[in-house]
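Undergrad: My structure is in upload_22.txt, and what it holds is compact mmCIF, C-alpha atoms and all ligand atoms:
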```
# COMPACT_ATOMS: atom_id res chain seq x y z
CA MET A 193 -2.88 -13.98 -7.52
CA GLY A 194 -5.22 -11.01 -7.41
CA ASP A 195 -8.82 -10.59 -8.55
CA ASP A 196 -9.85 -10.30 -12.17
CA PHE A 197 -11.32 -6.81 -12.63
CA THR A 198 -11.88 -7.20 -16.39
CA ILE A 199 -15.07 -5.67 -17.75
CA GLN A 200 -16.20 -7.97 -20.53
CA GLY A 201 -14.53 -7.21 -23.84
CA GLU A 202 -12.15 -4.47 -22.71
CA THR A 203 -8.88 -4.46 -24.63
CA SER A 204 -7.55 -0.98 -23.70
CA VAL A 205 -7.57 1.13 -20.56
CA ALA A 206 -6.80 4.80 -19.96
CA VAL A 207 -4.09 5.85 -17.49
CA SER A 208 -4.00 9.39 -16.06
CA GLY A 209 -1.65 11.45 -13.91
CA ASP A 210 -2.41 14.09 -11.27
CA TRP A 211 -5.79 15.85 -11.54
CA GLU A 212 -5.54 18.11 -8.45
CA SER A 213 -9.34 18.60 -8.29
CA ARG A 214 -9.26 20.80 -11.42
CA GLY A 215 -12.72 20.06 -12.81
CA GLU A 216 -12.59 22.69 -15.54
CA ALA A 217 -9.78 20.73 -17.20
CA VAL A 218 -10.67 17.20 -16.05
CA PHE A 219 -14.30 17.05 -17.20
CA PRO A 220 -13.60 17.99 -20.86
CA LEU A 221 -10.83 15.38 -20.87
CA ILE A 222 -13.24 12.67 -19.68
CA ARG A 223 -15.73 13.64 -22.40
CA ARG A 224 -13.01 13.54 -25.02
CA LEU A 225 -11.83 10.15 -23.81
CA ALA A 226 -15.38 8.79 -24.03
CA ARG A 227 -15.85 10.27 -27.50
CA GLN A 228 -12.54 9.08 -28.95
CA HIS A 229 -12.34 5.72 -27.18
CA PRO A 230 -15.89 4.54 -26.51
CA SER A 231 -14.74 0.99 -25.77
CA VAL A 232 -12.50 2.12 -22.87
CA ARG A 233 -14.29 1.38 -19.61
CA THR A 234 -11.49 1.70 -17.05
CA LEU A 235 -9.42 4.70 -16.06
CA LEU A 236 -6.39 3.85 -13.94
CA HIS A 237 -5.57 7.01 -12.01
CA LEU A 238 -2.11 7.55 -10.53
CA GLY A 239 -3.19 9.72 -7.63
CA ASP A 240 -3.73 13.27 -6.44
CA LEU A 241 -7.36 13.62 -7.33
CA ARG A 242 -7.26 15.48 -3.99
CA TRP A 243 -9.91 13.13 -2.68
CA VAL A 244 -11.26 13.93 0.80
CA PRO A 245 -14.47 12.62 2.33
CA ALA A 246 -17.46 14.95 2.47
CA ARG A 247 -17.86 16.81 5.76
CA ARG A 248 -21.16 16.71 7.56
CA VAL A 249 -22.40 20.17 8.51
CA GLY A 250 -25.76 19.70 10.21
CA LYS A 251 -27.79 17.70 7.70
CA GLN A 252 -25.68 18.84 4.75
CA ARG A 253 -22.76 17.02 3.17
CA LEU A 254 -20.11 19.54 2.26
CA HIS A 255 -17.67 18.64 -0.55
CA LEU A 256 -14.40 20.51 -0.91
CA TYR A 257 -12.98 21.94 -4.12
CA ASP A 258 -16.28 23.21 -5.51
CA GLY A 259 -17.80 19.74 -5.32
CA PHE A 260 -15.15 18.22 -7.59
CA LEU A 261 -15.71 14.68 -6.38
CA PRO A 262 -19.50 14.35 -6.92
CA LYS A 263 -19.16 16.17 -10.24
CA LEU A 264 -16.34 13.82 -11.27
CA ASP A 265 -18.46 10.82 -10.33
CA ALA A 266 -21.34 12.10 -12.48
CA GLU A 267 -18.98 12.67 -15.45
CA LEU A 268 -17.57 9.15 -15.07
CA GLY A 269 -21.10 7.74 -14.98
CA ARG A 270 -22.09 9.55 -18.17
CA ALA A 271 -18.88 8.34 -19.85
CA ARG A 272 -19.50 4.72 -18.66
CA LEU A 273 -16.08 4.76 -16.99
CA ARG A 274 -14.89 3.42 -13.66
CA LEU A 275 -11.88 5.06 -12.02
CA LEU A 276 -9.42 2.90 -10.07
CA LEU A 277 -7.27 5.19 -7.93
CA THR A 278 -3.69 4.50 -6.93
CA PRO A 279 -3.74 7.18 -4.22
CA GLY A 280 -1.22 10.02 -4.19
CA ASN A 281 0.10 12.07 -1.29
CA HIS A 282 -2.75 14.57 -1.78
CA ASP A 283 -5.50 11.98 -1.32
CA ASP A 284 -6.71 11.72 2.24
CA TRP A 285 -4.63 9.01 3.92
CA SER A 286 -6.20 9.71 7.32
CA SER A 287 -9.35 8.16 5.82
CA LEU A 288 -7.73 5.68 3.45
CA GLN A 289 -5.18 4.11 5.78
CA PRO A 290 -7.59 2.65 8.39
CA ALA A 291 -9.69 1.07 5.64
CA PHE A 292 -6.62 -0.38 3.91
CA VAL A 293 -5.19 -1.73 7.17
CA ALA A 294 -8.51 -3.42 7.98
CA HIS A 295 -8.93 -4.87 4.46
CA PRO A 296 -5.65 -4.85 2.52
CA GLU A 297 -7.20 -6.98 -0.24
CA ARG A 298 -10.28 -4.83 -0.78
CA PRO A 299 -10.56 -1.70 -2.96
CA ARG A 300 -12.42 0.98 -1.05
CA ARG A 301 -15.41 2.37 -2.94
CA LEU A 302 -15.31 6.18 -2.66
CA THR A 303 -18.28 6.91 -4.94
CA PRO A 304 -20.40 4.76 -7.28
CA HIS A 305 -17.70 4.98 -10.00
CA ILE A 306 -14.46 5.50 -8.02
CA TRP A 307 -12.47 2.92 -6.06
CA ALA A 308 -9.24 3.52 -4.11
CA LEU A 309 -6.76 0.64 -4.35
CA PRO A 310 -4.88 -0.48 -1.21
CA ARG A 311 -1.09 -0.23 -1.34
CA GLY A 312 0.16 -3.56 -2.70
CA LEU A 313 -3.08 -4.68 -4.35
CA ARG A 314 -2.69 -7.00 -7.32
CA PHE A 315 -5.39 -7.43 -9.94
CA HIS A 316 -5.93 -8.48 -13.56
CA ILE A 317 -7.49 -6.66 -16.49
CA GLY A 318 -7.62 -8.14 -19.98
CA GLY A 319 -5.13 -10.89 -19.15
CA ARG A 320 -2.53 -8.47 -17.74
CA THR A 321 -1.37 -8.36 -14.14
CA PHE A 322 -1.25 -5.03 -12.32
CA LEU A 323 0.21 -3.96 -8.99
CA SER A 324 -0.98 -0.73 -7.38
CA PHE A 325 1.41 0.87 -4.89
CA GLY A 326 0.04 4.25 -3.84
CA GLY A 327 1.47 7.06 -1.77
CA ALA A 328 4.48 9.35 -2.03
CA VAL A 329 6.51 11.80 0.00
CA SER A 330 5.09 15.34 -0.13
CA LEU A 331 7.89 17.67 -1.17
CA ASP A 332 6.28 20.98 -0.23
CA ALA A 333 5.25 20.16 3.35
CA ASP A 334 5.24 17.50 6.08
CA ARG A 335 1.86 15.77 5.90
CA GLY A 336 2.69 12.90 8.24
CA THR A 337 3.83 9.38 7.50
CA ALA A 338 0.66 7.63 6.29
CA GLU A 339 1.28 8.88 2.75
CA ILE A 340 4.73 7.26 2.62
CA PRO A 341 5.16 3.60 1.62
CA THR A 342 7.28 1.67 4.13
CA ASP A 343 9.85 -1.09 3.68
CA ASP A 344 7.23 -3.52 4.99
CA ASP A 345 4.72 -2.30 2.40
CA MET A 346 7.37 -2.84 -0.27
CA ARG A 347 8.20 -6.37 0.88
CA ARG A 348 4.54 -7.31 1.12
CA ALA A 349 3.83 -5.89 -2.35
CA ALA A 350 6.85 -7.68 -3.83
CA ALA A 351 5.98 -11.06 -2.34
CA GLY A 352 3.59 -12.00 -5.14
CA GLY A 353 6.34 -11.98 -7.78
CA ARG A 354 6.42 -10.39 -11.18
CA VAL A 355 3.68 -8.29 -12.76
CA ASP A 356 3.11 -6.80 -16.20
CA VAL A 357 2.25 -3.26 -15.08
CA LEU A 358 3.25 -1.34 -11.94
CA LEU A 359 1.17 1.70 -10.93
CA THR A 360 2.69 4.16 -8.45
CA HIS A 361 2.28 7.80 -7.55
CA GLU A 362 5.91 8.09 -6.41
CA PRO A 363 8.46 8.03 -9.24
CA SER A 364 11.19 5.45 -9.51
CA ASN A 365 14.70 6.58 -10.48
CA ALA A 366 14.23 5.33 -14.02
CA GLY A 367 16.22 8.13 -15.63
CA ILE A 368 13.43 10.19 -17.19
CA ALA A 369 15.12 13.53 -17.93
CA ALA A 370 12.08 15.72 -17.18
CA VAL A 371 11.61 14.04 -13.78
CA GLU A 372 15.29 14.51 -12.91
CA ARG A 373 15.15 18.16 -13.93
CA ALA A 374 12.04 18.74 -11.79
CA LEU A 375 13.81 17.26 -8.76
CA GLU A 376 16.99 19.23 -9.39
CA ALA A 377 15.08 22.53 -9.61
CA HIS A 378 14.48 22.16 -5.89
CA GLN A 379 14.76 25.68 -4.50
CA ARG A 380 11.14 25.32 -3.37
CA TRP A 381 11.77 22.22 -1.27
CA SER A 382 13.69 21.64 1.95
CA ALA A 383 16.66 19.28 2.20
CA ASP A 384 14.71 17.11 4.67
CA ARG A 385 11.81 16.62 2.27
CA LEU A 386 14.18 15.91 -0.63
CA ASP A 387 16.03 13.28 1.46
CA LEU A 388 12.75 11.57 2.37
CA SER A 389 11.68 11.72 -1.27
CA ALA A 390 14.97 10.16 -2.41
CA SER A 391 14.57 7.26 0.03
CA SER A 392 10.97 6.74 -1.07
CA ARG A 393 12.01 6.69 -4.73
CA ARG A 394 14.70 4.12 -3.93
CA ARG A 395 11.99 2.00 -2.31
CA VAL A 396 10.07 2.09 -5.61
CA ASP A 397 13.32 1.08 -7.38
CA HIS A 398 13.57 -1.96 -5.10
CA LEU A 399 9.97 -2.84 -5.85
CA VAL A 400 10.71 -2.61 -9.59
CA ASP A 401 13.71 -4.92 -9.12
CA GLN A 402 11.51 -7.42 -7.30
CA VAL A 403 8.42 -7.50 -9.51
CA GLN A 404 10.12 -6.75 -12.85
CA PRO A 405 7.25 -4.95 -14.54
CA SER A 406 7.38 -4.68 -18.32
CA LEU A 407 5.79 -1.28 -17.89
CA SER A 408 5.71 1.17 -14.95
CA PHE A 409 3.59 4.31 -14.67
CA HIS A 410 4.00 7.09 -12.14
CA GLY A 411 2.80 10.66 -11.51
CA HIS A 412 3.59 13.14 -8.71
CA MET A 413 6.25 15.28 -10.42
CA HIS A 414 3.73 16.93 -12.80
CA VAL A 415 5.99 16.33 -15.80
CA GLY A 416 5.67 13.74 -18.55
CA GLY A 417 8.34 11.54 -20.10
CA ARG A 418 9.32 8.01 -21.01
CA VAL A 419 12.38 5.86 -20.84
CA ASP A 420 13.09 2.38 -22.09
CA SER A 421 15.96 0.48 -20.50
CA GLY A 422 16.66 -3.19 -20.89
CA GLY A 423 13.20 -3.91 -22.25
CA ARG A 424 11.60 -2.26 -19.25
CA ARG A 425 9.58 0.88 -19.95
CA THR A 426 8.72 3.65 -17.49
CA VAL A 427 6.17 6.35 -18.24
CA ALA A 428 5.79 9.54 -16.18
CA LEU A 429 2.40 11.17 -16.63
CA SER A 430 2.10 14.96 -16.39
CA VAL A 431 -0.40 17.06 -14.48
CA ILE A 432 -3.88 17.75 -15.88
CA GLY A 433 -3.84 20.45 -18.54
CA MET A 434 -0.39 19.47 -19.87
CA PRO A 435 0.28 17.17 -22.82
CA GLY A 436 0.86 13.61 -21.65
CA ASN A 437 -1.54 13.60 -18.69
CA THR A 438 -3.58 10.71 -20.10
CA VAL A 439 -2.55 7.75 -22.22
CA ILE A 440 -4.25 4.74 -23.76
CA LEU A 441 -2.70 1.40 -22.77
CA ARG A 442 -3.38 -1.47 -25.17
CA LEU A 443 -3.57 -4.57 -23.04
CA GLY A 444 -2.69 -7.04 -25.78
CA THR A 445 0.65 -5.44 -26.69
CA LEU A 446 1.24 -3.09 -23.73
CA GLU A 447 1.65 -0.24 -26.24
CA VAL A 448 1.10 3.22 -24.79
CA ASP A 449 -0.31 6.08 -26.88
CA SER A 450 -0.92 9.59 -25.61
CA LEU A 451 -4.57 10.60 -25.77
CA GLU A 452 -3.56 13.44 -28.11
CA THR A 453 -2.11 11.08 -30.71
CA ALA A 454 -3.94 7.81 -30.08
CA GLU A 455 -5.94 6.83 -33.13
CA THR A 456 -9.62 7.55 -32.72
CA GLU A 457 -11.70 4.39 -32.77
CA SER A 458 -14.13 4.13 -35.63
CA ASN A 459 -17.70 3.49 -34.61
CA SER A 460 -18.22 0.97 -37.39
MN MN A 501 1.69 14.11 -5.60
```
In structure tokens, how does this file's structure come out?
TA:
Amino acid sequence: MGDDFTIQGETSVAVSGDWESRGEAVFPLIRRLARQHPSVRTLLHLGDLRWVPARRVGKQRLHLYDGFLPKLDAELGRARLRLLLTPGNHDDWSSLQPAFVAHPERPRRLTPHIWALPRGLRFHIGGRTFLSFGGAVSLDADRGTAEIPTDDDMRRAAAGGRVDVLLTHEPSNAGIAAVERALEAHQRWSADRLDLSASSRRRVDHLVDQVQPSLSFHGHMHVGGRVDSGGRRTVALSVIGMPGNTVILRLGTLEVDSLETAETESNS
């Protein structure tokens, strides 16, 4: 079940956490990725690019965040990378949700090199099965309900059975110490938002129980960490600019190496 998205010959993909429209840190990272891993063609992004559609002002198209999105697209093109986005709470659900409701099986093309994946989409790359389950509860403010996965979303996503790799923005409660510390240091956040977040994280736990991924990735908390329990690994990716924002996933073995330590490919 799910389409095969494999680009011929790809054996590794990159996986990145929150980028928050910070071009000055993102663009050098993309260049480094292309330099060190020229055979990587796919970047699986775990959300919070801060994607919003361009606004039309007269005949102009106005892009927010200093034109981050068109600049990102140009960088991806130069690096021969496509970016498959598992949307976060800071990507524009008022635009994404209607498209996903109309075509739950169809990635929405945001730019020539960037696609947003509907919540619950299954696909294959390099013989591995992936499930993308975007969205999360905003902790700092109420941004409406479209960002939050529902029980129905969870049941629908689980219905296809097990997968190799689960991609979410929202964390599960996998026991990663840095994630737990970030949630406990909650003076910034209201009890209501923390309650909603806890229920959303439990929903991801249920999804994990149902689809039994060998490997789960999430972002959102801006801290990195890993835990291995019962042969099931969970990797939290940190925010751009911190170690552990981007990793290389080897599809054959499902090994995960941070971009900082992953062996550089020889060009021979
Ligand atoms: Mn987030």
Undergrad: Return as a list in words the residues of protein, DNA or RNA that approach ligand MN 501 (chain A) to within 6 Å, with all atoms listed in the file taken into account.
TA: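 For ligand MN 501 (chain A), the residues inside 6 Å are Asp240, Gly280, Asn281, His282 and His412 of chain A.
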Undergrad: Which polymer residues have any atom within 12 Å of an atom of Arg373 (chain A), counting only C-alpha atoms, with same-chain residues fewer than 4 positions away left out, as a list in words?
TA: Gly367, Ile368, Ala369, Ala377, His378, Met413, His414, Val415, Gly416 and Gly417 of chain A
Undergrad: Expressed in Å to a single decimal, how great is the separation between CA of Glu362 (chain A) and CA of Gly422 (chain A)?
TA: 21.3 Å
Undergrad: Contacts between region 193-197 of chain A and region 208-237 of chain A, please, where a residue of region 208-237 of chain A counts if it comes within 12 Å (with all atoms listed in the file); show its shortest atom pair and distance in Å to one decimal, rows by chain and ascending number, as CSV.
TA:
```
residue,atom,partner,partner_atom,distance
A:Arg233,CA,A:Phe197,CA,11.2
A:Thr234,CA,A:Phe197,CA,9.6
A:Leu236,CA,A:Phe197,CA,11.8
```
Undergrad: For the residues in that selection, give me C-alpha atoms as a short mmCIF file (atom, residue, chain, number, x, y, z; two decimals), in the coordinates of the input.
TA:
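Below is the file again.cif, written as the result:
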```
data_model
loop_
_atom_site.label_atom_id
_atom_site.label_comp_id
_atom_site.auth_asym_id
_atom_site.auth_seq_id
_atom_site.Cartn_x
_atom_site.Cartn_y
_atom_site.Cartn_z
CA ARG A 233 -14.29 1.38 -19.61
CA THR A 234 -11.49 1.70 -17.05
CA LEU A 236 -6.39 3.85 -13.94
#
```
Undergrad: Between A:Ser430, A:Thr438, A:Thr203, A:Ser450, which residue has the minimum interatomic distance to Ala370 (chain A), considering all atoms listed in the file?
TA: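 Using all atoms listed in the file, Ala370 (chain A) sits closest to A:Ser430.
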Undergrad: CA of Gly326 (chain A) and CA of Gly201 (chain A), how far apart in Å?
TA: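 Computing the Euclidean distance for CA of Gly201 (chain A) and CA of Gly326 (chain A) yields 27.3 Å.
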Undergrad: Which residues are close to Leu256 (chain A), i.e. within 8 Å by all atoms listed in the file, leaving aside same-chain residues fewer than 2 positions away? Reply as a ChimeraX atom specification.
TA: /A:244,246,254,258-260
Undergrad: What does the structure give for the distance between CA of Ala428 (chain A) and CA of Gly411 (chain A), in Å to one decimal?
TA: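 Between CA of Ala428 (chain A) and CA of Gly411 (chain A) the gap is 5.7 Å.
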Undergrad: With only C-alpha atoms counted, which protein, DNA or RNA residues have an atom no more than 9 Å from (-8.4, 3.1, -26.4) in the file frame? Please answer as a list in words.
TA: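 With a cut-off of 9 Å, the residues come to Thr203, Ser204, Val205, Ala206, Leu225, Gln228, His229, Pro230, Ser231, Val232, Val439, Ile440, Leu441, Arg442, Asp449, Leu451, Ala454, Glu455, Thr456 and Glu457 of chain A.
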Undergrad: Might you pull out every residue within 9 Å of region 389-396 of chain A, with all atoms listed in the file counted and same-chain residues fewer than 3 positions away left off, and present them as an NGL selection string?
TA: :A and (325 or 328-331 or 340-343 or 346 or 360 or 362-365 or 384-386 or 399-401)
Undergrad: Around (4.4, 0.1, -13.5) in the file's own coordinates, what residues are found within 7 Å if you use all atoms listed in the file, given back as a PyMOL selection string?
TA: chain A and resi 357-360+405+407-409+426
Undergrad: Based on the selection just made, write C-alpha atoms of those residues as a compact mmCIF listing (two decimals), keeping the file's coordinate frame.
TA:
```
# COMPACT_ATOMS: atom_id res chain seq x y z
CA VAL A 357 2.25 -3.26 -15.08
CA LEU A 358 3.25 -1.34 -11.94
CA LEU A 359 1.17 1.70 -10.93
CA THR A 360 2.69 4.16 -8.45
CA PRO A 405 7.25 -4.95 -14.54
CA LEU A 407 5.79 -1.28 -17.89
CA SER A 408 5.71 1.17 -14.95
CA PHE A 409 3.59 4.31 -14.67
CA THR A 426 8.72 3.65 -17.49
```
Undergrad: Build an axis-aligned box that encloses every atom of region 432-450 of chain A listed in the file, pad it by 5 Å on each side, and report its centre and edge lengths in Å to one decimal, as AutoDock Vina command-line options.
TA:
```
--center_x -1.3 --center_y 6.7 --center_z -21.4 --size_x 15.9 --size_y 37.5 --size_z 21.0
```
Undergrad: Taking all atoms listed in the file into account, name the residue in A:Leu443, A:Leu288, A:Leu429, A:Ala266 that is nearest to Arg320 (chain A).
TA: A:Leu443
Undergrad: With distances taken over only C-alpha atoms, which of A:Leu302, A:Ala349, A:Val207, A:Leu261 is nearest to Val427 (chain A)?
TA: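 Looking at the shortest contact to Val427 (chain A), the residue is A:Val207.
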Undergrad: Using only C-alpha atoms, find each residue of region 222-294 of chain A with at least one atom at most 8 Å away from an atom of region 211-218 of chain A; report its shortest atom-to-atom pair and that distance in Å (one decimal), sort the rows by chain and rising residue number, and return the result as CSV.
TA:
```
residue,atom,partner,partner_atom,distance
A:Ile222,CA,A:Val218,CA,6.3
A:Gly239,CA,A:Trp211,CA,7.7
A:Asp240,CA,A:Glu212,CA,5.5
A:Leu241,CA,A:Glu212,CA,5.0
A:Arg242,CA,A:Glu212,CA,5.5
A:Trp243,CA,A:Ser213,CA,7.9
A:Tyr257,CA,A:Ser213,CA,6.5
A:Phe260,CA,A:Ser213,CA,5.9
A:Leu261,CA,A:Ser213,CA,7.7
A:Lys263,CA,A:Gly215,CA,8.0
A:Leu264,CA,A:Gly215,CA,7.4
```
Undergrad: So which residues touch Trp285 (chain A) within 7 Å, counting all atoms listed in the file, skipping near sequence neighbours fewer than 3 positions away, as a PDB file with C-alpha atoms, keeping the file's coordinate frame?
TA:
```
ATOM      1  CA  LEU A 288      -7.730   5.680   3.450  1.00  0.00           C
ATOM      2  CA  GLN A 289      -5.180   4.110   5.780  1.00  0.00           C
ATOM      3  CA  ALA A 338       0.660   7.630   6.290  1.00  0.00           C
ATOM      4  CA  GLU A 339       1.280   8.880   2.750  1.00  0.00           C
TER       5      GLU A 339
END
```
Undergrad: Need the shell around Ala351 (chain A): protein/DNA/RNA residues with any atom at most 9 Å away, counting only C-alpha atoms. Skip same-chain ones fewer than 3 positions apart. Format as a list of chain:residue names?
TA: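 Counting only the stated atoms, we get A:Met346, A:Arg347, A:Arg348, A:Arg354, A:Gln402, A:Val403.
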Undergrad: Go through A:His255, A:Gly209, A:Pro310, A:Ser406 and flag the residue nearest Pro290 (chain A), using all atoms listed in the file for the distances.
TA: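 Ranked by minimum distance to Pro290 (chain A), first place goes to A:Pro310.
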Undergrad: Considering all atoms listed in the file, can you say which of A:Glu297, A:Glu376, A:Asp334, A:Asp284 comes closest to Phe315 (chain A)?
TA: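 Going through A:Glu297, A:Glu376, A:Asp334, A:Asp284 one by one, the smallest distance to Phe315 (chain A) is for A:Glu297.
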